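Below: one structure, written as structure tokens.
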Amino acid sequence: MIELQSIHKSFHRGEAAEVRALNNINLQFKKGEFVIVLGANGSGKSTLLNVLSGTTLPDEGKITIDSTDITMLPEFRRSKWISRVFQNPLAGTVSELTILENFRLAAIRAHPKKLILGSTGRFRSLVRDKIAGLNLGLENKVEALMGTLSGGQRQALTLLMAVMDDAALLLLDEPAAALDPKTSVTIMQLAEKIIREHQLTAILVTHNLKDAAMYGSRIVLMSEGSITKDVLKNETSHPDAVSLFEWF
């Protein structure tokens with residue numbers, strides 16, 4: 001269970017240009033829940049992800065994961081619970097390292113670093129098996145530099161690396177927005193598959209109403225830093241893209 005209690009966050013506090021990015025946010029995310037967060041630009045979506053990841057600390061309130069208070073923990077201290085995939089495919093990987101080396105870094109992300117980046121034959125086989133499931137033909141290219149791959153290939157690998165450890169929460173910051181339409185569909189389908197198979201709690205921020213209607217088990221709508229709708233998807237409440245457009 002991930003819980004946010006009375007979260008407030010403002011920027012430029014006390015100044016004429018003060019922006020109240022989050023205003024009394026109260027949310028609970030259950031294990032295995034796939035939540036879609038919608039909202040116009042400036043509604044607070046990205047700040048919500050940043051507060052959860054530790055990139056930004058709240059001014060007030062409390063954040064807990066399975067009753068552990070993580071409110072003021074920096075980003076690196078939260079990494080054992082939280083993985084994040086960014087909109088920019090280049091943000092989640094290191095161009096100058098090989099695919100295998102990138103996976104090794106991901107595997108030790110939440111563990112004490114011993115400066116050992118070598119990979120055993122067993123680990124190489126594990127990575128190749130995981131990559132083979134993407135059907136991208138990269139399983140025999142694990143020594144290729146990450147910088148030689150396309151944006152879609154890198155984003156697909158980033159999703160796999162996000163679950164190389166035991167993270168409980170996956171934050172998806174518009175992971176398909178920078179990709180072409182066909183690749184975007186592939187990435188979203190892969191994300192849903194990974195979330196389901198690993199029983200992850202996942203939060204997807206998106207502007208894509210079609211994706212919001214198609215994926216996830218719950219939709220949260222934000223406006224001016226507040227939650228304006230919080231709807232569970234089921235047989236009687238499963239809004240389509242047209243209905244979601246009318247919410248704005």
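Residues in the structure tokens are named by chain (A, B, ... in the order shown) and by number from 1 within that chain; ligands are numbered from 1 in the order shown.
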* **Nearby residues (only C-alpha atoms) at most 6 Å from range 171-181 of chain A, same-chain spacing under 6 positions excluded, as a ChimeraX atom specification** => /A:84-87,202-206
How would the residues just picked look written out with C-alpha atoms as a tab-separated table (two decimals), in the first residue's frame?
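Contents of part04.tsv, freshly written:
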```tsv
chain	number	residue	atom	x	y	z
A	84	ARG	CA	10.71	5.35	-12.88
A	85	VAL	CA	10.53	5.45	-16.67
A	86	PHE	CA	10.75	8.91	-18.25
A	87	GLN	CA	9.28	10.35	-21.44
A	202	ALA	CA	1.99	1.49	-11.28
A	203	ILE	CA	1.15	5.13	-11.94
A	204	LEU	CA	1.04	6.40	-15.51
A	205	VAL	CA	0.96	10.11	-16.30
A	206	THR	CA	-0.31	10.70	-19.83
```
Set the distance at 12 Å and use only C-alpha atoms: which residues neighbour range 133-140 of chain A once local chain neighbours fewer than 4 positions away are removed? I'd like the list as a tab-separated table (two decimals) with N, CA, C and O atoms, in the first residue's frame.
```tsv
chain	number	residue	atom	x	y	z
A	98	THR	N	27.27	-0.72	-22.62
A	98	THR	CA	26.58	-1.74	-23.41
A	98	THR	C	25.21	-2.04	-22.79
A	98	THR	O	24.91	-1.64	-21.67
A	99	ILE	N	24.41	-2.78	-23.56
A	99	ILE	CA	23.10	-3.21	-23.04
A	99	ILE	C	23.30	-4.00	-21.75
A	99	ILE	O	22.63	-3.77	-20.75
A	100	LEU	N	24.25	-4.92	-21.77
A	100	LEU	CA	24.50	-5.77	-20.59
A	100	LEU	C	24.93	-4.93	-19.39
A	100	LEU	O	24.46	-5.15	-18.26
A	124	ARG	N	24.31	-12.94	-17.71
A	124	ARG	CA	24.19	-12.71	-19.15
A	124	ARG	C	23.02	-13.52	-19.74
A	124	ARG	O	22.23	-13.00	-20.53
A	125	SER	N	22.90	-14.75	-19.30
A	125	SER	CA	21.81	-15.60	-19.79
A	125	SER	C	20.45	-15.07	-19.34
A	125	SER	O	19.48	-15.08	-20.10
A	126	LEU	N	20.40	-14.58	-18.09
A	126	LEU	CA	19.16	-14.01	-17.57
A	126	LEU	C	18.74	-12.80	-18.40
A	126	LEU	O	17.57	-12.68	-18.79
A	127	VAL	N	19.69	-11.91	-18.69
A	127	VAL	CA	19.39	-10.72	-19.47
A	127	VAL	C	18.94	-11.09	-20.88
A	127	VAL	O	17.97	-10.55	-21.41
A	128	ARG	N	19.65	-12.01	-21.49
A	128	ARG	CA	19.30	-12.43	-22.86
A	128	ARG	C	17.90	-13.02	-22.90
A	128	ARG	O	17.13	-12.76	-23.83
A	129	ASP	N	17.55	-13.82	-21.89
A	129	ASP	CA	16.21	-14.42	-21.85
A	129	ASP	C	15.13	-13.35	-21.71
A	129	ASP	O	14.08	-13.43	-22.36
A	144	ALA	N	26.28	-4.61	-27.54
A	144	ALA	CA	26.13	-3.37	-28.33
A	144	ALA	C	25.97	-2.19	-27.39
A	144	ALA	O	25.36	-2.29	-26.32
A	145	LEU	N	26.53	-1.05	-27.78
A	145	LEU	CA	26.37	0.16	-26.98
A	145	LEU	C	24.92	0.62	-27.02
A	145	LEU	O	24.27	0.60	-28.07
A	146	MET	N	24.41	1.03	-25.86
A	146	MET	CA	23.03	1.48	-25.78
A	146	MET	C	22.77	2.66	-26.72
A	146	MET	O	21.68	2.81	-27.27
A	148	THR	N	23.61	3.09	-29.65
A	148	THR	CA	23.40	2.71	-31.05
A	148	THR	C	21.97	2.28	-31.33
A	148	THR	O	21.62	2.01	-32.48
A	149	LEU	N	21.14	2.22	-30.29
A	149	LEU	CA	19.76	1.72	-30.45
A	149	LEU	C	18.79	2.86	-30.73
A	149	LEU	O	19.06	4.02	-30.46
A	150	SER	N	17.63	2.50	-31.26
A	150	SER	CA	16.58	3.48	-31.51
A	150	SER	C	15.91	3.85	-30.19
A	150	SER	O	16.06	3.16	-29.17
A	152	GLY	N	12.76	3.67	-29.42
A	152	GLY	CA	11.81	2.64	-29.01
A	152	GLY	C	12.49	1.45	-28.38
A	152	GLY	O	12.01	0.89	-27.38
A	153	GLN	N	13.62	1.04	-28.95
A	153	GLN	CA	14.38	-0.08	-28.38
A	153	GLN	C	14.87	0.27	-26.98
A	153	GLN	O	14.79	-0.55	-26.05
A	154	ARG	N	15.37	1.47	-26.81
A	154	ARG	CA	15.88	1.89	-25.50
A	154	ARG	C	14.77	1.97	-24.47
A	154	ARG	O	14.95	1.57	-23.31
A	155	GLN	N	13.59	2.45	-24.89
A	155	GLN	CA	12.48	2.55	-23.93
A	155	GLN	C	11.99	1.16	-23.53
A	155	GLN	O	11.64	0.93	-22.36
A	156	ALA	N	11.96	0.24	-24.48
A	156	ALA	CA	11.57	-1.14	-24.15
A	156	ALA	C	12.54	-1.76	-23.15
A	156	ALA	O	12.13	-2.41	-22.18
A	157	LEU	N	13.83	-1.55	-23.37
A	157	LEU	CA	14.83	-2.08	-22.44
A	157	LEU	C	14.75	-1.39	-21.08
A	157	LEU	O	14.94	-2.03	-20.04
A	158	THR	N	14.43	-0.10	-21.08
A	158	THR	CA	14.28	0.63	-19.82
A	158	THR	C	13.16	0.04	-18.99
A	158	THR	O	13.27	-0.07	-17.76
A	159	LEU	N	12.06	-0.34	-19.63
A	159	LEU	CA	10.95	-0.96	-18.91
A	159	LEU	C	11.40	-2.28	-18.28
A	159	LEU	O	11.04	-2.57	-17.13
A	160	LEU	N	12.17	-3.07	-19.01
A	160	LEU	CA	12.68	-4.32	-18.44
A	160	LEU	C	13.61	-4.05	-17.27
A	160	LEU	O	13.56	-4.73	-16.24
A	183	THR	N	5.37	2.36	-32.46
A	183	THR	CA	6.24	2.02	-31.33
A	183	THR	C	5.57	2.36	-30.00
A	183	THR	O	5.75	1.65	-29.01
A	186	THR	N	3.45	-0.47	-28.95
A	186	THR	CA	4.30	-1.57	-28.47
A	186	THR	C	4.75	-1.32	-27.03
A	186	THR	O	4.71	-2.23	-26.19
A	187	ILE	N	5.19	-0.10	-26.76
A	187	ILE	CA	5.69	0.23	-25.42
A	187	ILE	C	4.58	0.16	-24.38
A	187	ILE	O	4.78	-0.37	-23.27
A	189	GLN	N	1.82	-1.64	-24.52
A	189	GLN	CA	1.45	-3.05	-24.33
A	189	GLN	C	2.48	-3.76	-23.47
A	189	GLN	O	2.14	-4.58	-22.60
A	190	LEU	N	3.74	-3.43	-23.69
A	190	LEU	CA	4.81	-4.03	-22.87
A	190	LEU	C	4.70	-3.58	-21.43
A	190	LEU	O	4.85	-4.40	-20.50
A	191	ALA	N	4.44	-2.29	-21.21
A	191	ALA	CA	4.29	-1.78	-19.85
A	191	ALA	C	3.16	-2.50	-19.12
A	191	ALA	O	3.32	-2.92	-17.97
A	193	LYS	N	1.95	-5.47	-19.74
A	193	LYS	CA	2.35	-6.86	-19.52
A	193	LYS	C	3.28	-6.97	-18.31
A	193	LYS	O	3.11	-7.86	-17.45
A	194	ILE	N	4.26	-6.08	-18.21
A	194	ILE	CA	5.20	-6.11	-17.09
A	194	ILE	C	4.49	-5.83	-15.77
A	194	ILE	O	4.74	-6.50	-14.76
```
Per-residue nearest contacts of range 136-247 of chain A to range 6-25 of chain A (9 Å; only C-alpha atoms) as a tab-separated table:
```
residue	atom	partner	partner_atom	distance
A:Glu224	CA	A:Ala21	CA	6.9
A:Gly225	CA	A:Leu22	CA	4.1
A:Ser226	CA	A:Asn23	CA	5.4
A:Ile227	CA	A:Ile25	CA	6.9
```
* Asked: Among range 66-122 of chain A, which ones does DSSP place in strand (DSSP E or B), written as a count of residues only?
  -> 7
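A straight line drawn from CA of Gly216 in chain A to CA of Glu197 in chain A is 13.9 Å long.
For the set A:Ser79, A:Asn102, A:Thr120, A:Ser184, the residue with the smallest atom-to-atom gap to Ala167 in chain A is A:Ser79, counting only C-alpha atoms.
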* Run DSSP on the backbone of this structure and report the residues of range 61-230 of chain A it assigns to alpha helix (DSSP H), as a ChimeraX atom specification. => /A:75-78,99-107,121-132,151-161,181-198,209-214
